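**Q** To be precise about what I am sending: the file is called run.txt and holds compact mmCIF, C-alpha atoms.
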# COMPACT_ATOMS: atom_id res chain seq x y z
CA MET A 5 2.68 -4.04 19.78
CA MET A 6 6.38 -4.73 19.30
CA ASN A 7 9.20 -5.95 21.45
CA CYS A 8 11.92 -3.27 21.36
CA VAL A 9 15.51 -3.17 22.59
CA TYR A 10 18.61 -1.11 21.89
CA VAL A 11 22.29 -1.16 22.84
CA SER A 12 25.05 1.37 22.17
CA ASP A 13 28.74 1.23 22.98
CA VAL A 14 31.69 3.60 22.51
CA GLY A 15 33.78 0.73 21.12
CA ARG A 16 37.41 -0.10 21.83
CA VAL A 17 39.10 2.95 20.25
CA ARG A 18 36.95 6.08 20.46
CA SER A 19 36.80 8.18 23.64
CA VAL A 20 33.30 9.57 22.99
CA ASN A 21 30.15 7.81 21.79
CA GLU A 22 28.83 10.05 19.01
CA ASP A 23 25.92 7.69 18.29
CA CYS A 24 22.48 8.48 19.65
CA THR A 25 19.78 5.80 19.77
CA TRP A 26 16.09 6.10 20.69
CA VAL A 27 13.32 3.47 20.68
CA ASP A 28 9.86 3.84 22.19
CA GLN A 29 6.13 3.72 21.62
CA LEU A 30 4.68 7.18 21.16
CA GLU A 31 1.63 8.25 23.19
CA SER A 32 -0.46 7.92 20.04
CA GLY A 33 0.51 4.25 19.75
CA TYR A 34 3.04 4.35 16.92
CA THR A 35 6.42 2.69 17.43
CA LEU A 36 9.43 4.87 16.63
CA ALA A 37 13.09 3.88 16.46
CA ILE A 38 16.08 6.07 15.54
CA VAL A 39 19.83 5.51 15.20
CA ALA A 40 21.99 8.56 14.48
CA ASP A 41 25.77 8.45 14.02
CA GLY A 42 27.32 11.87 14.55
CA MET A 43 30.40 13.34 12.90
CA GLY A 44 32.49 16.44 13.54
CA GLY A 45 35.45 17.58 15.57
CA HIS A 46 35.65 18.30 19.32
CA GLN A 47 32.62 16.20 20.29
CA ALA A 48 30.42 18.03 17.80
CA GLY A 49 29.24 14.68 16.43
CA ASP A 50 27.49 13.69 19.64
CA ILE A 51 25.80 17.10 19.74
CA ALA A 52 24.59 16.70 16.14
CA SER A 53 23.21 13.21 16.71
CA ARG A 54 21.50 14.20 19.95
CA MET A 55 19.98 17.31 18.36
CA ALA A 56 18.66 15.22 15.48
CA VAL A 57 17.05 12.65 17.77
CA ASP A 58 15.60 15.29 20.10
CA THR A 59 14.11 17.26 17.18
CA ILE A 60 12.61 14.19 15.53
CA THR A 61 11.09 12.79 18.72
CA GLY A 62 9.82 16.22 19.72
CA ASP A 63 8.10 16.76 16.40
CA LEU A 64 6.48 13.32 16.36
CA GLY A 65 5.41 13.25 19.99
CA ALA A 66 2.04 14.85 19.24
CA LEU A 67 1.06 12.77 16.20
CA PRO A 68 -2.70 12.11 16.11
CA THR A 69 -3.95 8.54 16.29
CA GLY A 70 -5.33 6.69 13.29
CA LEU A 71 -2.73 7.72 10.70
CA SER A 72 -1.66 5.29 7.98
CA ALA A 73 1.96 4.15 7.72
CA GLU A 74 2.37 6.42 4.68
CA ALA A 75 1.07 9.43 6.58
CA CYS A 76 3.38 8.62 9.49
CA GLY A 77 6.25 8.35 7.04
CA GLU A 78 5.55 11.81 5.66
CA GLU A 79 5.55 13.21 9.20
CA LEU A 80 8.83 11.40 9.89
CA LYS A 81 10.34 12.93 6.76
CA LYS A 82 9.21 16.43 7.84
CA ALA A 83 10.74 15.89 11.28
CA ILE A 84 14.06 14.79 9.77
CA LEU A 85 14.12 17.85 7.49
CA HIS A 86 13.39 20.02 10.53
CA ALA A 87 16.31 18.32 12.32
CA ASN A 88 18.52 19.09 9.33
CA GLU A 89 17.63 22.77 9.62
CA ALA A 90 18.33 22.78 13.36
CA VAL A 91 21.73 21.08 13.12
CA PHE A 92 22.80 23.14 10.09
CA ARG A 93 21.85 26.38 11.86
CA GLN A 94 23.79 25.38 14.98
CA ALA A 95 26.85 24.50 12.89
CA THR A 96 26.61 27.78 10.97
CA GLU A 97 26.21 29.99 14.03
CA HIS A 98 28.91 28.39 16.22
CA ALA A 99 32.45 28.04 14.88
CA GLU A 100 33.25 25.10 17.17
CA TYR A 101 30.48 23.08 15.47
CA HIS A 102 31.51 23.91 11.90
CA ASN A 103 30.77 21.01 9.51
CA MET A 104 29.18 18.84 12.19
CA GLY A 105 26.49 16.47 11.03
CA THR A 106 25.00 13.05 11.55
CA THR A 107 23.59 10.09 9.73
CA VAL A 108 20.08 9.03 10.63
CA VAL A 109 18.07 5.88 10.07
CA ALA A 110 14.60 5.79 11.57
CA GLY A 111 11.51 3.63 11.41
CA ILE A 112 7.94 4.47 12.38
CA PHE A 113 5.23 1.82 12.56
CA ALA A 114 1.45 1.96 12.57
CA GLY A 115 0.65 -1.62 13.50
CA ASN A 116 2.53 -4.04 11.25
CA ASP A 117 3.25 -1.47 8.55
CA GLY A 118 6.13 0.96 8.73
CA ILE A 119 8.24 3.47 6.87
CA ILE A 120 12.04 3.56 7.05
CA ALA A 121 13.74 6.93 6.49
CA HIS A 122 17.46 7.41 6.19
CA ILE A 123 20.32 9.75 5.35
CA GLY A 124 23.92 8.53 5.33
CA ASP A 125 25.32 5.06 5.92
CA SER A 126 23.48 3.90 9.03
CA ARG A 127 21.35 0.96 7.94
CA ALA A 128 18.06 -0.87 8.30
CA TYR A 129 17.73 -4.64 7.82
CA HIS A 130 14.62 -6.83 7.71
CA TYR A 131 14.95 -10.34 9.17
CA ARG A 132 12.40 -13.06 8.37
CA HIS A 133 12.63 -16.87 8.63
CA GLY A 134 16.43 -17.03 8.64
CA GLN A 135 16.90 -14.49 5.84
CA ILE A 136 18.06 -10.89 6.18
CA VAL A 137 17.58 -8.11 3.62
CA GLN A 138 19.18 -4.67 3.69
CA LEU A 139 16.43 -2.08 3.25
CA THR A 140 18.59 1.04 2.91
CA ASP A 141 21.14 2.07 0.30
CA ASP A 142 24.24 3.70 1.80
CA HIS A 143 24.91 7.31 0.91
CA SER A 144 28.66 6.73 0.92
CA LEU A 145 31.69 7.06 -1.31
CA VAL A 146 32.38 3.32 -1.17
CA ASN A 147 28.83 2.48 -2.20
CA GLU A 148 29.09 4.85 -5.17
CA LEU A 149 32.34 3.13 -6.20
CA LEU A 150 30.68 -0.27 -5.79
CA LYS A 151 27.66 0.68 -7.87
CA SER A 152 29.89 2.00 -10.64
CA LYS A 153 31.95 -1.23 -10.41
CA GLN A 154 35.16 0.67 -9.71
CA ILE A 155 35.84 -1.55 -6.68
CA SER A 156 34.81 -5.04 -5.59
CA GLU A 157 32.88 -6.09 -2.46
CA GLU A 158 36.14 -7.33 -0.99
CA GLU A 159 37.89 -4.02 -1.69
CA ALA A 160 34.98 -2.11 -0.17
CA THR A 161 35.44 -3.77 3.21
CA VAL A 162 39.01 -2.47 3.53
CA HIS A 163 38.77 0.77 1.53
CA PRO A 164 40.60 3.61 3.33
CA HIS A 165 37.65 5.97 2.74
CA ARG A 166 34.85 3.55 3.68
CA ASN A 167 33.62 5.95 6.38
CA VAL A 168 33.13 8.88 3.98
CA VAL A 169 29.43 9.68 3.50
CA THR A 170 28.05 11.50 0.48
CA ARG A 171 24.91 12.68 2.24
CA ALA A 172 24.42 13.61 5.90
CA LEU A 173 21.96 15.46 8.11
CA GLY A 174 23.04 18.97 9.08
CA THR A 175 26.00 19.48 6.74
CA ASP A 176 23.98 21.25 4.04
CA GLU A 177 21.02 23.60 4.13
CA ARG A 178 18.92 21.16 2.11
CA VAL A 179 19.03 17.38 2.11
CA GLU A 180 17.08 14.54 0.54
CA VAL A 181 15.53 11.81 2.70
CA ASP A 182 15.13 8.28 1.31
CA LEU A 183 11.93 6.43 2.33
CA ASN A 184 11.20 2.70 2.19
CA ARG A 185 8.05 0.79 3.10
CA VAL A 186 8.27 -2.35 5.25
CA SER A 187 5.67 -4.71 6.72
CA LEU A 188 6.50 -6.98 9.65
CA GLU A 189 4.86 -10.35 10.12
CA PRO A 190 4.81 -12.05 13.54
CA GLY A 191 8.37 -13.13 14.34
CA ASP A 192 10.00 -10.63 11.95
CA ILE A 193 12.74 -8.34 13.27
CA LEU A 194 13.76 -4.88 12.07
CA LEU A 195 17.42 -4.08 12.77
CA LEU A 196 18.64 -0.47 12.73
CA CYS A 197 22.36 0.10 13.21
CA SER A 198 25.28 2.48 12.82
CA ASP A 199 28.19 1.51 10.61
CA GLY A 200 30.08 0.48 13.72
CA LEU A 201 28.05 -2.72 13.43
CA SER A 202 27.63 -3.13 9.66
CA ASN A 203 31.34 -2.54 8.93
CA TYR A 204 32.35 -5.41 11.19
CA VAL A 205 29.47 -7.89 11.29
CA THR A 206 28.36 -9.65 8.11
CA PRO A 207 24.71 -10.07 7.11
CA GLU A 208 25.19 -13.82 7.59
CA GLN A 209 26.32 -13.27 11.18
CA MET A 210 23.38 -10.92 11.73
CA ALA A 211 20.91 -13.50 10.44
CA LEU A 212 22.36 -16.28 12.58
CA THR A 213 22.20 -14.07 15.67
CA LEU A 214 18.66 -12.83 15.03
CA GLY A 215 17.54 -16.43 14.54
CA SER A 216 18.86 -17.47 17.97
CA ASP A 217 15.55 -17.62 19.86
CA ASP A 218 17.25 -18.95 22.98
CA LEU A 219 19.04 -15.61 23.45
CA GLY A 220 15.93 -13.46 23.71
CA LEU A 221 15.77 -10.09 21.97
CA LYS A 222 18.10 -8.33 24.44
CA GLY A 223 20.58 -11.21 24.21
CA ARG A 224 20.61 -10.99 20.44
CA ALA A 225 21.32 -7.25 20.52
CA ASP A 226 24.12 -7.83 23.04
CA HIS A 227 25.59 -10.61 20.89
CA LEU A 228 25.62 -8.40 17.78
CA LEU A 229 27.42 -5.73 19.79
CA GLN A 230 29.95 -8.27 21.03
CA LEU A 231 30.60 -9.53 17.50
CA ALA A 232 31.48 -5.97 16.42
CA LEU A 233 33.75 -5.51 19.45
CA ASN A 234 35.47 -8.83 18.78
CA ALA A 235 36.05 -7.80 15.16
CA GLY A 236 37.95 -4.70 16.26
CA GLY A 237 35.38 -2.26 17.64
CA ASP A 238 37.14 0.67 16.00
CA ASP A 239 33.95 2.75 15.90
CA ASN A 240 30.93 3.50 18.06
CA ILE A 241 28.40 0.68 17.80
CA SER A 242 24.62 1.07 18.04
CA VAL A 243 21.90 -1.53 17.48
CA ALA A 244 18.12 -1.22 17.73
CA LEU A 245 15.86 -4.27 17.31
CA LEU A 246 12.10 -4.22 16.81
CA GLU A 247 10.36 -7.60 16.83
CA GLN A 248 6.78 -8.07 15.74
CA HIS A 249 5.21 -10.06 18.55
CA GLU A 250 3.34 -13.30 17.91
CA ASP A 251 0.51 -11.96 20.05
CA ALA A 252 -0.03 -8.27 19.29
CA GLY A 253 -1.76 -7.81 22.62
CA SER A 254 1.12 -8.98 24.80
CA GLY A 255 4.14 -7.14 23.45
CA THR A 256 6.74 -5.86 25.87
CA LYS A 257 9.68 -3.52 25.68
CA GLU A 258 13.13 -4.51 26.86
CA TRP A 259 15.65 -1.83 27.71
CA ASN A 260 19.27 -1.46 28.54
CA SER A 261 20.79 1.60 30.12
Give the structure from this file in structure tokens form.

**A**
Amino acid sequence: MMNCVYVSDVGRVRSVNEDCTWVDQLESGYTLAIVADGMGGHQAGDIASRMAVDTITGDLGALPTGLSAEACGEELKKAILHANEAVFRQATEHAEYHNMGTTVVAGIFAGNDGIIAHIGDSRAYHYRHGQIVQLTDDHSLVNELLKSKQISEEEATVHPHRNVVTRALGTDERVEVDLNRVSLEPGDILLLCSDGLSNYVTPEQMALTLGSDDLGLKGRADHLLQLALNAGGDDNISVALLEQHEDAGSGTKEWNS
């Protein structure tokens, strides 16, 4: 069993929080976490992100017990594709939701083993023994420019189009979902976040925060949020942390509302 916590904040500039975050243990025993960062005019982004999360959690709520991580991952992928259909249909049928969409990064775990699925530039990181590794590859214009060496890492952090995604859920009838396998040892932490965190908090700051045992898991999530706010907080900020417990039989969930 895992310790789980999430925080989400509208930030210092936006008037609406278009992020939607969900973390829980399903009835069948699997742990599921989702961060979705919505986009679109006239509050359509918060509708897209909420629709995505509701569709995914609804589809996975009746998963049978005893599935492998790979089988859970395939079900997660199906649920995300179903969410893409639902959001795309809503955007197509209602003019006020035209072009709305959302990123999504989600993890599902069967015991220690999990699958990370993502579309867009919301990210997953794996923390272990003071080191942090980014598990996802941003579907963004800036990342494409970085990979083709047209811009530097320094230029990427201030690029005027750093929020432009090249792949999103709900903006096209068909979409590709990237999947990554991850295994958590006792003490490891999985961090899922929207770009409101990753654009303002460095991996080094994340690692230092996640290694601060005196804060507790909730305190670490709050500290990451505060770091993003202190750095400007120009976007919505969402953080979900899943910690593999030292004693699998005594895991607890921490919540904020």

**Q** Skip A:His143 itself and residues of its chain fewer than 3 positions away, then list as a list in words all residues within 8 Å of it, counting all atoms listed in the file.

**A**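 So the residues in contact are Ile123, Gly124, Asp125, Asn147, Glu148, Val169, Thr170 and Arg171 of chain A.
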
**Q** What does the structure give for the distance between atom CA of A:Ala244 and atom CA of A:Asn103, in Å to one decimal?

**A**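 Computed distance, atom CA of A:Ala244 to atom CA of A:Asn103, equals 26.9 Å.
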
**Q** Please write as a PyMOL selection string the list of polymer residues whose atoms come within 12 Å of (19.8, 20.1, 10.7), counting all atoms listed in the file and keeping to the coordinates of the file.

**A** chain A and resi 42+51-60+82-96+103-108+123+172-180

**Q** Counting only C-alpha atoms, which residue out of A:Gly111, A:Gly236, A:Gly77, A:Pro68 sits closest to A:Thr140?

**A** A:Gly111

**Q** Please report the interatomic distance between atom CA of A:Ile120 and atom CA of A:Gly237 in Å with one decimal.

**A** 26.3 Å

**Q** So which one's closest to A:Glu79, A:Met6, A:Ile241, A:Ile155, A:Leu183? Using all atoms listed in the file, please.

**A**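 Of all the options, A:Leu183 lies closest to A:Glu79.
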
**Q** Using 9 Å as the limit and counting all atoms listed in the file, can you tabulate each residue of stretch 99-177 of chain A that touches stretch 10-33 of chain A, with its shortest atom-to-atom distance in Å and the two atoms involved, as CSV?

**A**
residue,atom,partner,partner_atom,distance
A:Thr106,CA,A:Asp23,CA,8.7
A:Phe113,CA,A:Gly33,CA,8.9
A:Ala114,CA,A:Gly33,CA,7.6
A:Gly115,CA,A:Gly33,CA,8.6

**Q** Please measure the separation of atom CA of A:Val186 and atom CA of A:Gly118, giving the value in Å to one decimal.

**A**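 Separation between atom CA of A:Val186 and atom CA of A:Gly118: 5.3 Å.
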
**Q** My list of candidates is A:Asn234, A:Arg185, A:Gly49, A:Cys8. Which is closest to A:Gly220 when distances are computed with only C-alpha atoms?

**A**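 The closest residue to A:Gly220 is A:Cys8.
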
**Q** For stretch 199-209 of chain A, list every protein, DNA or RNA residue within 6 Å, evaluated using only C-alpha atoms, and leave out those in the same chain fewer than 5 positions away; present the list as a short mmCIF file (atom, residue, chain, number, x, y, z; two decimals) with C-alpha atoms, in the coordinates of the input.

**A**
data_model
loop_
_atom_site.label_atom_id
_atom_site.label_comp_id
_atom_site.auth_asym_id
_atom_site.auth_seq_id
_atom_site.Cartn_x
_atom_site.Cartn_y
_atom_site.Cartn_z
CA SER A 126 23.48 3.90 9.03
CA ALA A 232 31.48 -5.97 16.42
CA ALA A 235 36.05 -7.80 15.16
CA ASP A 239 33.95 2.75 15.90
CA ASN A 240 30.93 3.50 18.06
CA ILE A 241 28.40 0.68 17.80
#

**Q** Please check which residues have atoms at most 7 Å from (31.8, 6.3, 2.7) in the file's coordinates, counting only C-alpha atoms, and write them as a ChimeraX atom specification.

**A** /A:144-147,165-170

**Q** Restrict the selected residues to C-alpha atoms and save them as a compact mmCIF listing (two decimals), in the frame of the given file.

**A**
# COMPACT_ATOMS: atom_id res chain seq x y z
CA SER A 144 28.66 6.73 0.92
CA LEU A 145 31.69 7.06 -1.31
CA VAL A 146 32.38 3.32 -1.17
CA ASN A 147 28.83 2.48 -2.20
CA HIS A 165 37.65 5.97 2.74
CA ARG A 166 34.85 3.55 3.68
CA ASN A 167 33.62 5.95 6.38
CA VAL A 168 33.13 8.88 3.98
CA VAL A 169 29.43 9.68 3.50
CA THR A 170 28.05 11.50 0.48

**Q** Rank nothing, just name the residue among A:Leu188, A:Ala99, A:Ala211, A:Leu233 nearest to A:Met5, using only C-alpha atoms.

**A** A:Leu188

**Q** With only C-alpha atoms as the atoms that count, which of A:Pro164, A:Gly134, A:Gly65, A:Gly191 lies nearest to A:Ile112?

**A**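 Comparing A:Pro164, A:Gly134, A:Gly65, A:Gly191 against A:Ile112, the winner is A:Gly65.
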